[in-house]
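Peer 1: Okay, here's the structure, questions in a sec.
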Amino acid sequence: MSLLNVFDIASSALSAQSQRLNVVASNLANAESATTAGGTPYKARQVVFTAMPVRPGTSGMGVNVTAVVEDPAPPRLVYDPQHPMADANGYVTMPNVNVVEEMTNMISASRAYQINLDLMNTTKSLLLRTLVLGQ
Amino acid sequence: MLNGLDAHLAAPLQALNLRAHRSEVLASNIANADTPNYKARDFDFAAALSGAIGATQGLALARTSVRHLSGAAGLALGVALQYRVPIQPSIDGNTVEMDTELAQFSDNALRMQADLAFMSDRIRSLLTAIQGQ
């Protein structure tokens with residue numbers, strides 16, 4: 001039943017996009033975290049999306065988060081000699097979070113989430129109409 | 001007579017099956033709008049429908065070994081998926097264009113509703129014939 005596969009596909013997209021939103025929230029919350037439990041500044045994280053068949057033998061491709069990678073961009077150096085984490089030259093290494101990029105990611109993720117929800121709603125009304133066929 | 005009933009409902013049934021399959025393909029495109037290197041796919045609905053209603057079996061490949069590819073016979077509903085030609089491909093190799101996909105999905109959903117209405121009409125006319133009222 002292909003129509004039921006649409007639910008699997010759209011829900012895989014919903015969970016992938018919500019993971020992306022999660023990572024964006026983590027990045028934005030830690031945009032100013034000069035240190036973490038490991039003693040190094042926080043590094044921005046990004047999700048990696050991969051298309052995967054929702055079940056073997058079907059052509060429907062869902063989307064999966066296969067990895068969460070750390071952004072390899074260099075940390076931001078801020079001159080603040082009073083800061084307890086400042087080095088000998090007075091520079092503090094701050095996280096490499098790009099706030100503009102994260103906001104763009106957030107808008108893209110929330111739009112994609114909405115569209116996939118719309119998809120589910122449309123499919124649901126089609127299925128309901130199929131159920132009352134011939135009545 | 002049962003054969004006749006089957007034939008009466010066959011055309012809208014094939015159309016509904018293909019519509020459902022196409023909505024699955026389009027949903028895959030929309031779900032993978034942000035997946036790098038994903039290529040949007042679709043199929044020619046008119047060709048698929050005339051293929052499904054007219055000749056039920058196309059030409060099959062002659063195979064000399066069971067390990068040979070079966071050709072079109074292994075495809076879902078006998079439909080060959082094709083890659084969409086993007087108007088503005090994105091830099092990460094993704095060819096999903098949300099406006100095209102959404103327009104096609106809504107169009108497909110609307111036509112599927114029409115097919116459901118046709119199917120309902122046929123069932124109702126059969127019921128009228130059976131009850132004779």
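Naming scheme: A, B, ... for chains in displayed order of the structure tokens; residues 1 onward per chain; ligands 1 onward as shown.
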Apply DSSP to the structure's backbone, then extract all residues of region 5-123 of chain A labelled alpha helix (DSSP H) and return them as a compact mmCIF listing (two decimals) with N, CA and C atoms, in the first residue's frame.
Peer 2:
```txt
# COMPACT_ATOMS: atom_id res chain seq x y z
N ASN A 5 3.11 4.19 2.80
CA ASN A 5 4.54 4.48 2.77
C ASN A 5 4.81 5.98 2.86
N VAL A 6 3.85 6.79 2.35
CA VAL A 6 4.04 8.24 2.42
C VAL A 6 4.20 8.66 3.89
N PHE A 7 3.44 8.01 4.78
CA PHE A 7 3.54 8.35 6.20
C PHE A 7 4.95 8.04 6.73
N ASP A 8 5.48 6.87 6.33
CA ASP A 8 6.83 6.50 6.77
C ASP A 8 7.86 7.50 6.26
N ILE A 9 7.70 7.87 4.97
CA ILE A 9 8.67 8.79 4.36
C ILE A 9 8.60 10.14 5.05
N ALA A 10 7.36 10.67 5.19
CA ALA A 10 7.21 12.00 5.79
C ALA A 10 7.65 11.98 7.25
N SER A 11 7.37 10.88 7.97
CA SER A 11 7.77 10.89 9.39
C SER A 11 9.28 10.75 9.53
N SER A 12 9.95 10.07 8.57
CA SER A 12 11.41 10.03 8.64
C SER A 12 11.96 11.44 8.43
N ALA A 13 11.31 12.20 7.53
CA ALA A 13 11.76 13.57 7.30
C ALA A 13 11.50 14.43 8.54
N LEU A 14 10.33 14.20 9.19
CA LEU A 14 10.01 14.99 10.40
C LEU A 14 11.06 14.75 11.47
N SER A 15 11.44 13.47 11.69
CA SER A 15 12.40 13.23 12.77
C SER A 15 13.78 13.74 12.39
N ALA A 16 14.14 13.65 11.09
CA ALA A 16 15.44 14.17 10.67
C ALA A 16 15.50 15.68 10.84
N GLN A 17 14.41 16.36 10.44
CA GLN A 17 14.41 17.81 10.55
C GLN A 17 14.37 18.24 12.02
N SER A 18 13.69 17.45 12.87
CA SER A 18 13.67 17.86 14.28
C SER A 18 15.04 17.64 14.92
N GLN A 19 15.79 16.62 14.45
CA GLN A 19 17.17 16.46 14.95
C GLN A 19 18.02 17.64 14.52
N ARG A 20 17.76 18.11 13.28
CA ARG A 20 18.52 19.26 12.80
C ARG A 20 18.21 20.49 13.65
N LEU A 21 16.90 20.66 14.00
CA LEU A 21 16.51 21.78 14.86
C LEU A 21 17.18 21.67 16.23
N ASN A 22 17.27 20.43 16.73
CA ASN A 22 17.92 20.17 18.01
C ASN A 22 19.37 20.63 17.99
N VAL A 23 20.07 20.27 16.90
CA VAL A 23 21.48 20.63 16.77
C VAL A 23 21.63 22.15 16.66
N VAL A 24 20.70 22.78 15.93
CA VAL A 24 20.74 24.24 15.80
C VAL A 24 20.57 24.87 17.19
N ALA A 25 19.60 24.33 17.97
CA ALA A 25 19.37 24.87 19.31
C ALA A 25 20.61 24.73 20.17
N SER A 26 21.27 23.56 20.06
CA SER A 26 22.49 23.33 20.84
C SER A 26 23.59 24.31 20.43
N ASN A 27 23.72 24.53 19.11
CA ASN A 27 24.76 25.44 18.63
C ASN A 27 24.50 26.87 19.08
N LEU A 28 23.22 27.29 18.96
CA LEU A 28 22.89 28.68 19.33
C LEU A 28 23.04 28.88 20.84
N ALA A 29 22.64 27.87 21.62
CA ALA A 29 22.74 28.00 23.08
C ALA A 29 24.19 28.10 23.52
N VAL A 99 26.30 32.36 13.83
CA VAL A 99 24.90 32.55 14.22
C VAL A 99 24.01 32.75 12.99
N VAL A 100 24.50 33.46 11.98
CA VAL A 100 23.69 33.69 10.77
C VAL A 100 23.38 32.36 10.09
N GLU A 101 24.42 31.51 9.98
CA GLU A 101 24.24 30.19 9.37
C GLU A 101 23.23 29.36 10.14
N GLU A 102 23.31 29.43 11.47
CA GLU A 102 22.41 28.64 12.30
C GLU A 102 20.96 29.11 12.15
N MET A 103 20.76 30.43 12.06
CA MET A 103 19.40 30.95 11.88
C MET A 103 18.84 30.48 10.55
N THR A 104 19.68 30.51 9.51
CA THR A 104 19.23 30.05 8.19
C THR A 104 18.85 28.58 8.26
N ASN A 105 19.69 27.79 8.94
CA ASN A 105 19.42 26.37 9.12
C ASN A 105 18.10 26.16 9.84
N MET A 106 17.85 27.00 10.86
CA MET A 106 16.64 26.85 11.65
C MET A 106 15.40 27.11 10.80
N ILE A 107 15.45 28.19 9.99
CA ILE A 107 14.29 28.52 9.15
C ILE A 107 14.06 27.40 8.14
N SER A 108 15.16 26.92 7.52
CA SER A 108 15.04 25.85 6.53
C SER A 108 14.45 24.59 7.16
N ALA A 109 14.92 24.25 8.37
CA ALA A 109 14.42 23.04 9.03
C ALA A 109 12.95 23.18 9.38
N SER A 110 12.54 24.37 9.87
CA SER A 110 11.14 24.50 10.29
C SER A 110 10.21 24.50 9.08
N ARG A 111 10.66 25.11 7.97
CA ARG A 111 9.85 25.08 6.74
C ARG A 111 9.70 23.64 6.24
N ALA A 112 10.80 22.91 6.23
CA ALA A 112 10.75 21.53 5.74
C ALA A 112 9.83 20.70 6.63
N TYR A 113 9.87 20.96 7.94
CA TYR A 113 9.01 20.25 8.88
C TYR A 113 7.54 20.51 8.54
N GLN A 114 7.21 21.81 8.32
CA GLN A 114 5.83 22.18 7.99
C GLN A 114 5.35 21.49 6.72
N ILE A 115 6.23 21.50 5.69
CA ILE A 115 5.83 20.92 4.40
C ILE A 115 5.56 19.43 4.55
N ASN A 116 6.39 18.73 5.32
CA ASN A 116 6.17 17.30 5.50
C ASN A 116 4.91 17.01 6.30
N LEU A 117 4.58 17.92 7.24
CA LEU A 117 3.32 17.77 7.97
C LEU A 117 2.13 17.93 7.03
N ASP A 118 2.23 18.93 6.13
CA ASP A 118 1.16 19.14 5.14
C ASP A 118 0.97 17.90 4.29
N LEU A 119 2.11 17.30 3.92
CA LEU A 119 2.10 16.08 3.11
C LEU A 119 1.31 14.99 3.81
N MET A 120 1.57 14.84 5.12
CA MET A 120 0.88 13.81 5.90
C MET A 120 -0.61 14.09 5.96
N ASN A 121 -0.96 15.37 6.15
CA ASN A 121 -2.38 15.73 6.23
C ASN A 121 -3.10 15.42 4.93
N THR A 122 -2.47 15.79 3.80
CA THR A 122 -3.09 15.52 2.49
C THR A 122 -3.30 14.03 2.31
N THR A 123 -2.24 13.25 2.64
CA THR A 123 -2.33 11.80 2.47
C THR A 123 -3.39 11.21 3.38
```
Peer 1: Run DSSP on the backbone and tell me which residues of region 3-110 of chain A come out as strand (DSSP E); list them as a list in words.
Peer 2: Arg45, Gln46, Val47, Val48, Phe49, Thr50, Ala51, Met52, Pro53, Met61, Gly62, Val63, Asn64, Val65, Thr66, Ala67, Val68, Val69, Glu70, Arg76, Leu77, Val78, Tyr79, Tyr91, Val92, Thr93 and Met94 of chain A
Peer 1: Tell me the residues of chain A close to chain B, meaning within 6 Å using only C-alpha atoms, as a compact mmCIF listing (two decimals) with C-alpha atoms, in the first residue's frame.
Peer 2:
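And here's selection06.txt as it stands now:
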```txt
# COMPACT_ATOMS: atom_id res chain seq x y z
CA SER A 2 1.96 2.96 -1.34
CA LEU A 3 -0.12 5.59 0.43
CA VAL A 6 4.04 8.24 2.42
CA ALA A 10 7.21 12.00 5.79
CA ALA A 13 11.76 13.57 7.30
CA PHE A 49 21.27 13.65 5.91
CA THR A 50 21.25 10.46 3.84
CA GLY A 60 10.16 5.25 -1.43
CA MET A 61 13.20 7.01 -0.05
CA GLY A 62 13.04 8.34 3.49
CA VAL A 63 15.71 10.55 5.03
CA LEU A 133 -15.24 4.26 -1.07
CA GLY A 134 -18.57 2.98 -2.37
```
Peer 1: For Ile53 (chain B), please output as a list in words all residues within 9 Å (counting only C-alpha atoms; exclusion window: fewer than 6 positions along the same chain).
Peer 2: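 Answer for this query is Ala10, Ala11, Gln14 and Ala15 of chain B.
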Peer 1: Which residues come within 10 Å of region 91-96 of chain A, counting only C-alpha atoms, excluding same-chain residues fewer than 3 positions away, as a PyMOL selection string?
Peer 2: chain A and resi 27+30-35+40-45+70-88+99
Peer 1: Between CA of Ile87 (chain B) and CA of Leu49 (chain B), what distance in Å does the model show, to one decimal?
Peer 2: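 Interatomic distance, CA of Ile87 (chain B) to CA of Leu49 (chain B): 26.6 Å.
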Peer 1: Counting only C-alpha atoms, figure out which residue out of B:Ala52, B:Arg67, B:Ala40, B:Leu9 gets nearest to Ser90 (chain B).
Peer 2: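 Nearest candidate to Ser90 (chain B) out of B:Ala52, B:Arg67, B:Ala40, B:Leu9: B:Ala40.
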Peer 1: When you draw a straight line from CA of Pro89 (chain B) to CA of Arg41 (chain B), how long is it in Å?
Peer 2: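 Pair CA of Pro89 (chain B) / CA of Arg41 (chain B) returns 13.6 Å.
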